[in-house]
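Below is one structure; the comments refer to it alone.
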Amino acid sequence: MKRKVDGVLLLDKPAGLTSNSALQKAKRLFRAEKAGHTGTLDPFATGLLPLCLGEATKFSQFLLDADKVYLAQVKLGVRTRSGDLDGEVIATRPVSVAEADLRQALAHFLGEIEQIPPMHSALKHQGRPLYEYARKGVEIERQPRRVTVHGLELESLIGDTCQLRVHCSKGFYVRALADDLGELLGCGAHLDGLRRLAVGRFGLEGAQTLDDLGAMEEAQRDACLQPADALITDLPRLELDVDAAWQLSHGQAIWLPRLILGQQHRAYGPDGRFLGVTQVNEDGKAAPRRLLAN
């Protein structure tokens, strides 16, 4: 029987599962009425997949814009149609790349750059994801997008395989990085493995596998959940008195001193209970944007 359960689960997704399949398995384990994820991982990828249960789903969009950190394994000398290990091989070339050459090439991708999204992505064209066109052999022209690479470190280079640590903004495709890097080096490359280490302030520390969760009692599983406001700790905090908390909880905007137009806050009642997210409207009041159910 399903139950009302709220919170944020840090899941260490295994390879071979889609993000939605992992979500559904976790949802069944918790017997949750409602669940959602905060951005997908490819089936071959592993690592951090934050999941939202119950009321926390109202705040999942706040994590969609967060930076990500990945450990990427890139295979040099082989280019694939999808840019990853699951794609059809379309070119093979000899590899003669020294570590110094690789480091020099990686420097080209640091900072704010333009990146063309891969065809094998969930971006929409005329209402359909690009990967549907790609599977039919149809190439759609894509416009480059501005993305930011905050850090790009070479962890190792063994033979034709290198490991990279990538700290990037939202909208960045590591498979596109692998493909572009291979072309810059002149040997071609594809993404041979991917592990997500962090999303925003969340890391793999404390993340649970599906096997771990399956072996737990229900109370132990529930203890793994973080509260819904863990998703928005970067927002300034509003402390409300009894009257203001009542007004906000009933959908009313409230006036408070020193509010800034457009600014969002996480609001709490006098008992410390999280109420939801507000945004300052044109009247200078903190208006409800996302509220927990009473």
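Starting from 1 in every chain, residues are counted up; chains themselves are A, B, ... following the order of the structure tokens, and ligands are numbered from 1 as listed.
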query: Which of segment 67-183 of chain A counts as alpha helix (DSSP H) under DSSP, as a VMD selection string please?
result: chain A and resid 99 to 106 130 to 135 174 to 183
Got time to write the residues from that selection, C-alpha atoms, as a PDB file, in the first residue's frame?
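Output below, filename again08.pdb:
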ATOM      1  CA  GLU A  99      49.983  13.784 -21.762  1.00  0.00           C
ATOM      2  CA  ALA A 100      51.194  17.315 -22.562  1.00  0.00           C
ATOM      3  CA  ASP A 101      49.141  17.321 -25.789  1.00  0.00           C
ATOM      4  CA  LEU A 102      46.064  16.220 -23.898  1.00  0.00           C
ATOM      5  CA  ARG A 103      46.439  18.861 -21.199  1.00  0.00           C
ATOM      6  CA  GLN A 104      46.894  21.541 -23.843  1.00  0.00           C
ATOM      7  CA  ALA A 105      43.756  20.398 -25.653  1.00  0.00           C
ATOM      8  CA  LEU A 106      41.704  20.324 -22.450  1.00  0.00           C
ATOM      9  CA  LEU A 130      16.436  14.638 -30.772  1.00  0.00           C
ATOM     10  CA  TYR A 131      17.359  11.042 -30.004  1.00  0.00           C
ATOM     11  CA  GLU A 132      14.208   9.878 -31.811  1.00  0.00           C
ATOM     12  CA  TYR A 133      15.427  11.572 -34.996  1.00  0.00           C
ATOM     13  CA  ALA A 134      18.936  10.185 -34.429  1.00  0.00           C
ATOM     14  CA  ARG A 135      17.628   6.616 -34.201  1.00  0.00           C
ATOM     15  CA  VAL A 174      30.095  15.247 -21.429  1.00  0.00           C
ATOM     16  CA  ARG A 175      29.636  13.034 -24.514  1.00  0.00           C
ATOM     17  CA  ALA A 176      29.956  16.163 -26.672  1.00  0.00           C
ATOM     18  CA  LEU A 177      33.130  17.070 -24.798  1.00  0.00           C
ATOM     19  CA  ALA A 178      34.581  13.629 -25.545  1.00  0.00           C
ATOM     20  CA  ASP A 179      33.715  13.910 -29.234  1.00  0.00           C
ATOM     21  CA  ASP A 180      35.022  17.484 -29.542  1.00  0.00           C
ATOM     22  CA  LEU A 181      38.205  16.596 -27.670  1.00  0.00           C
ATOM     23  CA  GLY A 182      38.854  13.702 -30.032  1.00  0.00           C
ATOM     24  CA  GLU A 183      38.428  15.919 -33.071  1.00  0.00           C
TER      25      GLU A 183
END
Surrounding residues of Tyr70 of chain A excluding itself and chain neighbours under 6 positions, 7 Å, only C-alpha atoms, as number ranges by chain: A: 165-167, 194-197
Dump as a PDB file, in the first residue's frame, selection limited to C-alpha atoms:
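Contents of the output file again37.pdb:
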ATOM      1  CA  ARG A 165      37.199  15.200 -13.787  1.00  0.00           C
ATOM      2  CA  VAL A 166      34.629  17.648 -15.154  1.00  0.00           C
ATOM      3  CA  HIS A 167      32.951  20.430 -13.166  1.00  0.00           C
ATOM      4  CA  LEU A 194      30.633   8.235 -16.780  1.00  0.00           C
ATOM      5  CA  ARG A 195      30.117   8.590 -13.045  1.00  0.00           C
ATOM      6  CA  ARG A 196      28.387  11.611 -11.543  1.00  0.00           C
ATOM      7  CA  LEU A 197      30.082  12.671  -8.332  1.00  0.00           C
TER       8      LEU A 197
END
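Between atom CA of Val97 of chain A and atom CA of Leu41 of chain A lies a distance of 29.6 Å.
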- prompt: For Asp211 of chain A, which of A:His150, A:Lys2, A:Asp234, A:Leu29 is the closest residue, counting only C-alpha atoms?
  reply: A:Leu29
- prompt: Excluding same-chain residues fewer than 4 positions from Ser169 of chain A, what lies within 12 Å of it counting only C-alpha atoms, as a PyMOL selection string?
  reply: chain A and resi 63-70+110-113+115+145-151+173-174+198-200
Selection to disk with C-alpha atoms, as a CSV table (one decimal), in the first residue's frame:
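Here's the written file part18.csv:
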chain,number,residue,atom,x,y,z
A,63,LEU,CA,18.3,21.5,-8.5
A,64,LEU,CA,18.0,21.4,-12.3
A,65,ASP,CA,20.1,24.5,-12.6
A,66,ALA,CA,22.8,23.2,-10.3
A,67,ASP,CA,26.4,22.6,-11.4
A,68,LYS,CA,27.5,19.0,-11.8
A,69,VAL,CA,30.8,17.1,-11.3
A,70,TYR,CA,31.6,14.0,-13.3
A,110,LEU,CA,37.7,25.7,-19.9
A,111,GLY,CA,35.5,28.6,-19.0
A,112,GLU,CA,32.4,29.8,-20.9
A,113,ILE,CA,32.3,28.0,-24.2
A,115,GLN,CA,28.8,23.6,-27.3
A,145,ARG,CA,24.6,26.9,-26.6
A,146,ARG,CA,26.6,28.8,-24.0
A,147,VAL,CA,27.8,26.5,-21.2
A,148,THR,CA,30.5,26.9,-18.5
A,149,VAL,CA,33.3,24.5,-17.6
A,150,HIS,CA,34.5,25.5,-14.1
A,151,GLY,CA,37.1,22.8,-13.9
A,173,TYR,CA,27.1,17.3,-22.4
A,174,VAL,CA,30.1,15.2,-21.4
A,198,ALA,CA,28.1,15.7,-7.4
A,199,VAL,CA,25.0,17.8,-8.1
A,200,GLY,CA,25.1,21.3,-6.6
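Residues in contact with segment 244-252 of chain A at 10 Å, where only C-alpha atoms are counted and same-chain residues fewer than 4 positions away are skipped, are listed as Glu239, Leu240, Leu256, Ala267, Tyr268, Gly269, Pro270, Arg273, Leu275, Gly276, Val277, Thr278, Lys285, Ala286, Ala287, Pro288, Arg289, Arg290, Leu291, Leu292, Ala293 and Asn294 of chain A.
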Keeping C-alpha atoms, export the residues of the selection given above as a PDB file, in the first residue's frame.
ATOM      1  CA  GLU A 239      11.582  33.632   9.729  1.00  0.00           C
ATOM      2  CA  LEU A 240       7.851  34.327  10.075  1.00  0.00           C
ATOM      3  CA  LEU A 256       8.347  42.327   5.368  1.00  0.00           C
ATOM      4  CA  ALA A 267      10.119  30.505   4.564  1.00  0.00           C
ATOM      5  CA  TYR A 268       9.762  28.998   8.041  1.00  0.00           C
ATOM      6  CA  GLY A 269       7.127  29.303  10.729  1.00  0.00           C
ATOM      7  CA  PRO A 270       7.819  30.240  14.362  1.00  0.00           C
ATOM      8  CA  ARG A 273       8.706  24.228  10.226  1.00  0.00           C
ATOM      9  CA  LEU A 275       6.569  26.319   4.754  1.00  0.00           C
ATOM     10  CA  GLY A 276       7.809  26.703   1.195  1.00  0.00           C
ATOM     11  CA  VAL A 277       9.386  29.146  -1.236  1.00  0.00           C
ATOM     12  CA  THR A 278       8.331  32.752  -1.720  1.00  0.00           C
ATOM     13  CA  LYS A 285       5.621  41.477  -0.779  1.00  0.00           C
ATOM     14  CA  ALA A 286       6.816  37.909  -0.343  1.00  0.00           C
ATOM     15  CA  ALA A 287       4.304  35.964  -2.414  1.00  0.00           C
ATOM     16  CA  PRO A 288       3.960  32.174  -2.232  1.00  0.00           C
ATOM     17  CA  ARG A 289       5.595  30.342  -5.115  1.00  0.00           C
ATOM     18  CA  ARG A 290       5.811  26.736  -3.906  1.00  0.00           C
ATOM     19  CA  LEU A 291       4.210  25.772  -0.598  1.00  0.00           C
ATOM     20  CA  LEU A 292       4.112  22.548   1.344  1.00  0.00           C
ATOM     21  CA  ALA A 293       0.639  21.099   1.785  1.00  0.00           C
ATOM     22  CA  ASN A 294      -0.886  22.008   5.125  1.00  0.00           C
TER      23      ASN A 294
END
Skipping near chain neighbours, those fewer than 6 positions away, what residues fall within 7 Å of segment 184-187 of chain A using only C-alpha atoms, listed as a CSV table (one decimal) with C-alpha atoms, in the first residue's frame?
chain,number,residue,atom,x,y,z
A,76,LEU,CA,40.8,7.9,-27.8
A,77,GLY,CA,41.0,6.7,-31.4
A,93,ARG,CA,42.2,6.4,-36.2
A,94,PRO,CA,45.7,5.8,-34.8
A,95,VAL,CA,46.5,7.5,-31.5
A,105,ALA,CA,43.8,20.4,-25.7
In segment 48-286 of chain A, DSSP strand (DSSP E) residues written as a PyMOL selection string: chain A and resi 48-53+68-76+78-80+89-92+111-115+124-125+128-129+145-158+161-168+189-199+202-203+237-239+254-255+264-268+274-280+285-286
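With only C-alpha atoms taken into account, the protein and nucleic acid residues at most 9 Å from Thr18 of chain A (excluding it and anything under 3 positions from it in its own chain) are Lys13, Ala15, Ser21, Ala22, Leu23, Thr40, Leu41, Asp42, Pro43, Phe44 and Ala45 of chain A.
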- prompt: How many Å lie between atom CA of Gly47 of chain A and atom CA of Leu9 of chain A, rounded to one decimal?
  reply: 12.9 Å
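Our summary of the geometry notes that atom CA of Thr80 of chain A is positioned 28.0 Å from atom CA of Thr38 of chain A.
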Determine, counting only C-alpha atoms, which protein, DNA and RNA residues have an atom within 9 Å of an atom of Ala32 of chain A; residues of the same chain fewer than 2 positions away are not included. Present the result as a short mmCIF file (atom, residue, chain, number, x, y, z; two decimals) with C-alpha atoms, in the first residue's frame.
data_model
loop_
_atom_site.label_atom_id
_atom_site.label_comp_id
_atom_site.auth_asym_id
_atom_site.auth_seq_id
_atom_site.Cartn_x
_atom_site.Cartn_y
_atom_site.Cartn_z
CA MET A 1 0.00 0.00 0.00
CA LYS A 2 1.32 3.44 -0.93
CA ARG A 3 1.93 6.01 1.77
CA LYS A 4 2.72 9.68 2.14
CA VAL A 5 6.46 10.05 2.46
CA ASP A 6 8.39 13.27 1.85
CA ALA A 26 13.08 3.56 -5.37
CA LYS A 27 9.46 4.70 -5.35
CA ARG A 28 8.28 1.12 -4.84
CA LEU A 29 10.80 0.52 -2.05
CA PHE A 30 9.53 3.57 -0.16
CA LYS A 34 4.66 10.55 -5.56
CA ALA A 35 8.26 10.74 -6.77
CA LEU A 53 9.56 11.98 -2.81
CA GLY A 54 6.20 13.49 -1.93
#
